[in-house]
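*Asks:* Let me give you the structure first, and then I'll get to my questions.
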There are 2 protein chains.
Amino acid sequence: MEPEKVRAPNIRDVARLAGVSYQTVSRVLNEHPSIRDSTKQRVLDVIREIGYRPNQAARALVTSRSRTIGVLTSQTAHYGPTTSVTAIEHAARDAGYRITVTSIASNEYPSIRAALDQMRTQAVEAIVIIAPQVRVLEAIHELEITVPYVTLQNADLVSEHSMSVDQVAGGRMATQHLIDLGHSEIMHLSGPQDWIEAEARMQGYLEAINDADLRTRAPILGDWSAHFGYYAGLELLKFRDFTALFASNDQMALGFIHACWDSGLSVPGDISVVGFDDIPEAAHFYPPLTTVRQNFTEIGRRAVSLLLAELQGGALDHAQIVPELVVRRSTAALPTGS
Amino acid sequence: MEPEKVRAPNIRDVARLAGVSYQTVSRVLNEHPSIRDSTKQRVLDVIREIGYRPNQAARALVTSRSRTIGVLTSQTAHYGPTTSVTAIEHAARDAGYRITVTSIASNEYPSIRAALDQMRTQAVEAIVIIAPQVRVLEAIHELEITVPYVTLQNADLVSEHSMSVDQVAGGRMATQHLIDLGHSEIMHLSGPQDWIEAEARMQGYLEAINDADLRTRAPILGDWSAHFGYYAGLELLKFRDFTALFASNDQMALGFIHACWDSGLSVPGDISVVGFDDIPEAAHFYPPLTTVRQNFTEIGRRAVSLLLAELQGGALDHAQIVPELVVRRSTAALPTGS
DNA sequence: ACCACTAATGTGAACGTACACAAACAACGG
DNA sequence: CCGTTGTTTGTGTACGTTCACATTAGTGGT
């Protein structure tokens, strides 16, 4: 409030008070090896005393390193992405990086372009992409983004810059679970077409269906929302020509179950439903949802460590993260003779 | 990848190519009024041609303005906060600011301190606090944070730096709705003790109960999670000495409803339930949840405009944001003679 | 006690921009 | 045609830090 003209203490202030040169202070700050313990202590004392904080802008200017990781996310606020952002933030902070979040306003090209442009302006050193839409990757190529980047929740569709989360396996195990229960008419409610993870889960579904020699049904392309699941469900259930459904995320599964109740059908009595993600609420749906769990925290953490390895030259950890099937009450064996 | 030693073009490169002085370029960048159109155009052309981007670090250094807004959030990834972050990001970007998100690892004091310290190090110009816990505010005072800040989702408990979201009114209308339906034994499942918004909603509950001369029951202090709602519900329902429950958020309401079903009770047949927030899934719970809607996007946007007003000296918009009751199927009139 | 070598500290740049001030240029009235 | 005014452009400097290099202090061997 008050127009305090007292500027923040700088490195020279510290130097003067500690009776050393500013360069010595700089060395203390950067943990240079050859500095006498007594000197170091004296400097640190002064720093603490006057509450000195290095000016990040000056540091960034001279080193041309922003120590910032950009996080590109979509505007929709789902549990998974958000959890990952938090994990990313912590991992980044531990490594001395900060993160700056930019969300794309829509999945139109100009919006993606604007977001990436913002990243570039902020001189981020690396980018984590949580909105892994094909268009985003296209934009990255087109804008010639040169910093390391990594896309979350992705399988092998884009091999180099992706976390090794085996979404395909996740889709497989969800579908296989239904097959094992005796279902043969299994629908799939997928995510938007240009989402890589939706694609991967769908692929897992198709593989499982194929391997079991079942009839392949055209997946429905949704928008991840419970609303979509509900309205799609109302339409689909007019026919009742399937006994199980694998939804590409828990929200759509919830909406679909809602549609089942509204249509007078019981889950899992008449229809079995499997979701994806295992959001914390899934265990409390009615019925509690069988779903495929992803460890979003782990995913976020690994994304950062991958980027840091690339930035600082460490070993890349390319171990696959495999999701895990969580069986609850929304799936049941197909009654024999149905 | 390639160790390109070509440094990015700077303002002098632009100046040279445009045949003007660097200061002229600077003026173009900062939209100084007195600059000839032809000159301006020439400079802009060069900028576009060589892909020049102003160096933010240098700019921040000389202006001592980081153009960054810090967002302090809690580690839990709920719909509301996340939605607000997105809105904040957009509003900030529109105003030429960027945001940097920091989440507190736990609600312990050192963690809060560390997060605020990080903000200070990054020289944020303002802070949006989405984890409005009392401790955070204490920490803000103690650390002598001097930049403008605003807490989201807050009523009048902390008057000056808070968004005017009337959470108390929200709690009131939820409770009043149950009273209007004829319920007289109404429980409240609140949020954690040190959360300001939990406090406010609880206060609304208590006011409504008082005004109706009903028996005040000690609210249960939860942790916002569906899990808590479930287990608390199992305990509470052993007694069945209430016919309605107001949960302080939708997740806990969901968990409680789950407990109702598990206890053989019907919602709303035996027990009416009201939630808070209106997360997108709430409409698809079983039964669809009556809840109090908050416009999280609006809240985030307003938070930024409040901060910008303080930073740039504009008019403060102190109009209250009043939440809105959304009646669905989880509440019903108390059967007469019960 | 001296030399060679390493450890510890200091000095002069440079990073890329904006601000304060100065200078050139045009326009205009008397 | 000259002084006055206003518009447009240019020059020096500072922001706070790190890097490259220079210098001094310290250590051990002979």
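Ligands are numbered from 1 in the order shown, residues from 1 within each chain, and chains are lettered A, B, ... in the order they appear in the structure tokens.
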I'd like to know which residues of range 72-229 of chain B are strand (DSSP E or B) (by DSSP, run on the backbone); could you write them as a PyMOL selection string?

*Replies:* chain B and resi 72-74+98-104+126-129+133+149-151+162+165+186-190+195+220-221

*Asks:* Filtering to C-alpha atoms, could you give me those residues as a PDB file, in the first residue's frame?

*Replies:*
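In the end it all went to selection-v6.pdb:
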ATOM      1  CA  LEU B  72      -1.883 -20.743  -3.887  1.00  0.00           C
ATOM      2  CA  THR B  73      -3.910 -23.881  -3.865  1.00  0.00           C
ATOM      3  CA  SER B  74      -4.305 -26.921  -1.725  1.00  0.00           C
ATOM      4  CA  ARG B  98       0.848 -14.961 -16.198  1.00  0.00           C
ATOM      5  CA  ILE B  99       0.185 -17.202 -13.284  1.00  0.00           C
ATOM      6  CA  THR B 100       2.319 -19.547 -11.330  1.00  0.00           C
ATOM      7  CA  VAL B 101       0.664 -22.193  -9.268  1.00  0.00           C
ATOM      8  CA  THR B 102       1.978 -23.395  -5.978  1.00  0.00           C
ATOM      9  CA  SER B 103       0.220 -25.953  -3.899  1.00  0.00           C
ATOM     10  CA  ILE B 104       0.703 -26.534  -0.246  1.00  0.00           C
ATOM     11  CA  ALA B 126      -0.398 -10.496  -6.330  1.00  0.00           C
ATOM     12  CA  ILE B 127      -1.664 -13.704  -4.846  1.00  0.00           C
ATOM     13  CA  VAL B 128      -4.895 -15.583  -5.205  1.00  0.00           C
ATOM     14  CA  ILE B 129      -5.496 -17.969  -2.369  1.00  0.00           C
ATOM     15  CA  GLN B 133      -7.623 -21.906   5.497  1.00  0.00           C
ATOM     16  CA  TYR B 149      -3.947 -10.886  -2.230  1.00  0.00           C
ATOM     17  CA  VAL B 150      -7.428 -12.182  -2.351  1.00  0.00           C
ATOM     18  CA  THR B 151      -8.989 -15.296  -0.927  1.00  0.00           C
ATOM     19  CA  SER B 162     -11.786 -11.538   0.118  1.00  0.00           C
ATOM     20  CA  VAL B 165     -19.046 -14.851  -2.265  1.00  0.00           C
ATOM     21  CA  ILE B 186     -31.265 -31.687  10.116  1.00  0.00           C
ATOM     22  CA  MET B 187     -27.655 -32.744  10.382  1.00  0.00           C
ATOM     23  CA  HIS B 188     -24.724 -30.881   8.928  1.00  0.00           C
ATOM     24  CA  LEU B 189     -21.621 -32.477   7.513  1.00  0.00           C
ATOM     25  CA  SER B 190     -19.104 -29.687   7.442  1.00  0.00           C
ATOM     26  CA  TRP B 195     -11.354 -23.888   6.265  1.00  0.00           C
ATOM     27  CA  ILE B 220     -19.649 -33.181  11.897  1.00  0.00           C
ATOM     28  CA  LEU B 221     -16.283 -31.940  10.761  1.00  0.00           C
TER      29      LEU B 221
END

*Asks:* Tell me as an mmCIF file with C-alpha atoms, in the first residue's frame which residues belonging to chain A come within 12 Å of chain C, counting only C-alpha atoms (C1' of nucleotides).

*Replies:*
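Output contents, as saved in iface_13.cif:
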data_model
loop_
_atom_site.group_PDB
_atom_site.id
_atom_site.type_symbol
_atom_site.label_atom_id
_atom_site.label_comp_id
_atom_site.auth_asym_id
_atom_site.auth_seq_id
_atom_site.Cartn_x
_atom_site.Cartn_y
_atom_site.Cartn_z
ATOM 1 C CA ALA A 15 28.469 -8.296 0.341
ATOM 2 C CA GLY A 19 32.637 -7.655 4.370
ATOM 3 C CA VAL A 20 33.187 -9.648 1.211
ATOM 4 C CA SER A 21 32.846 -9.056 -2.484
ATOM 5 C CA TYR A 22 29.575 -9.568 -4.298
ATOM 6 C CA GLN A 23 31.092 -12.437 -6.185
ATOM 7 C CA THR A 24 31.688 -14.278 -2.953
ATOM 8 C CA VAL A 25 28.061 -13.879 -2.084
ATOM 9 C CA SER A 26 27.162 -15.187 -5.492
ATOM 10 C CA ARG A 27 29.290 -18.205 -4.877
ATOM 11 C CA VAL A 28 27.607 -18.889 -1.590
ATOM 12 C CA HIS A 32 30.420 -23.083 -5.208
ATOM 13 C CA PRO A 33 32.811 -25.634 -3.668
ATOM 14 C CA SER A 34 35.807 -23.495 -2.933
ATOM 15 C CA ILE A 35 34.558 -21.140 -0.304
ATOM 16 C CA ARG A 36 35.677 -21.099 3.274
ATOM 17 C CA ASP A 37 33.152 -22.317 5.769
ATOM 18 C CA SER A 38 33.547 -19.324 8.021
ATOM 19 C CA THR A 39 32.989 -16.942 5.118
ATOM 20 C CA LYS A 40 30.012 -18.894 3.921
ATOM 21 C CA ALA A 57 14.711 -11.945 -13.099
ATOM 22 C CA ALA A 58 18.324 -10.872 -12.945
ATOM 23 C CA ARG A 59 19.405 -14.433 -12.597
ATOM 24 C CA ALA A 60 17.286 -15.532 -15.519
ATOM 25 C CA LEU A 61 18.611 -12.674 -17.595
ATOM 26 C CA VAL A 62 22.228 -13.497 -17.182
ATOM 27 C CA THR A 63 21.971 -17.258 -17.254
ATOM 28 C CA SER A 64 19.219 -17.294 -19.834
ATOM 29 C CA ARG A 65 17.602 -20.018 -17.836
#

*Asks:* Set out as a tab-separated table a contact list for chain A and chain B with a cut-off of 8 Å, giving each residue of chain A that qualifies its closest atom pair and distance in Å to one decimal, counting only C-alpha atoms, ordered by chain and rising residue number.

*Replies:*
residue	atom	partner	partner_atom	distance
A:Met1	CA	B:Thr146	CA	7.7
A:Arg53	CA	B:Thr121	CA	6.5
A:Pro54	CA	B:Thr121	CA	7.5
A:Asn55	CA	B:Thr121	CA	7.6
A:Gln56	CA	B:Gln122	CA	6.6
A:Ala57	CA	B:Ala57	CA	4.7
A:Ala58	CA	B:Leu61	CA	5.7
A:Ala60	CA	B:Ala57	CA	5.9
A:Leu61	CA	B:Ala57	CA	5.2
A:Ser66	CA	B:Ala57	CA	7.9
A:Gln75	CA	B:Thr86	CA	6.2
A:Thr76	CA	B:Thr83	CA	7.3
A:Ala77	CA	B:Thr82	CA	5.6
A:His78	CA	B:Tyr79	CA	6.8
A:Tyr79	CA	B:Ala77	CA	6.0
A:Thr82	CA	B:Ala77	CA	5.6
A:Thr83	CA	B:Ala77	CA	5.6
A:Thr86	CA	B:Gln75	CA	6.2
A:Glu89	CA	B:Thr102	CA	6.7
A:His90	CA	B:Ser103	CA	7.7
A:Arg98	CA	B:Thr100	CA	7.4
A:Ile99	CA	B:Thr100	CA	5.9
A:Thr100	CA	B:Thr100	CA	4.4
A:Val101	CA	B:Thr100	CA	6.3
A:Thr102	CA	B:Glu89	CA	6.7
A:Ser103	CA	B:Thr86	CA	6.6
A:Ala105	CA	B:His90	CA	7.9
A:Thr121	CA	B:Arg53	CA	6.6
A:Gln122	CA	B:Gln56	CA	6.6
A:Ala123	CA	B:Gln56	CA	7.9
A:Thr146	CA	B:Met1	CA	7.4
A:Ser225	CA	B:Pro280	CA	7.9
A:Ala226	CA	B:Glu281	CA	6.0
A:His227	CA	B:His284	CA	7.7
A:Tyr230	CA	B:His284	CA	7.7
A:Gln251	CA	B:Glu281	CA	6.8
A:Leu254	CA	B:His284	CA	6.5
A:Gly255	CA	B:His284	CA	5.6
A:His258	CA	B:His284	CA	5.7
A:Pro280	CA	B:Ala226	CA	7.1
A:Glu281	CA	B:Ala226	CA	6.0
A:His284	CA	B:Gly255	CA	5.6
A:Phe285	CA	B:Phe285	CA	7.0
A:Tyr286	CA	B:Tyr286	CA	6.2

*Asks:* Give the residues of chain D that lie within 10 Å of chain B; count only C-alpha atoms (C1' of nucleotides), and format the answer as a list of chain:residue names.

*Replies:* D:DT7, D:DT8, D:DT9, D:DG10, D:DT11, D:DA14, D:DC15, D:DG16, D:DT17

*Asks:* Assign secondary structure with DSSP using the backbone only, and return the residues of range 209-239 of chain A in alpha helix (DSSP H) as a VMD selection string.

*Replies:* chain A and resid 209 to 211 226 to 236

*Asks:* Please report the interatomic distance between CA of Glu108 in chain B and CA of Ile69 in chain B in Å with one decimal.

*Replies:*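 Those two atoms sit 23.4 Å apart.
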
*Asks:* Separation of CA of Ile321 in chain A and CA of Tyr97 in chain A, in Å?

*Replies:*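 CA of Tyr97 in chain A lies at a distance of 24.1 Å from CA of Ile321 in chain A.
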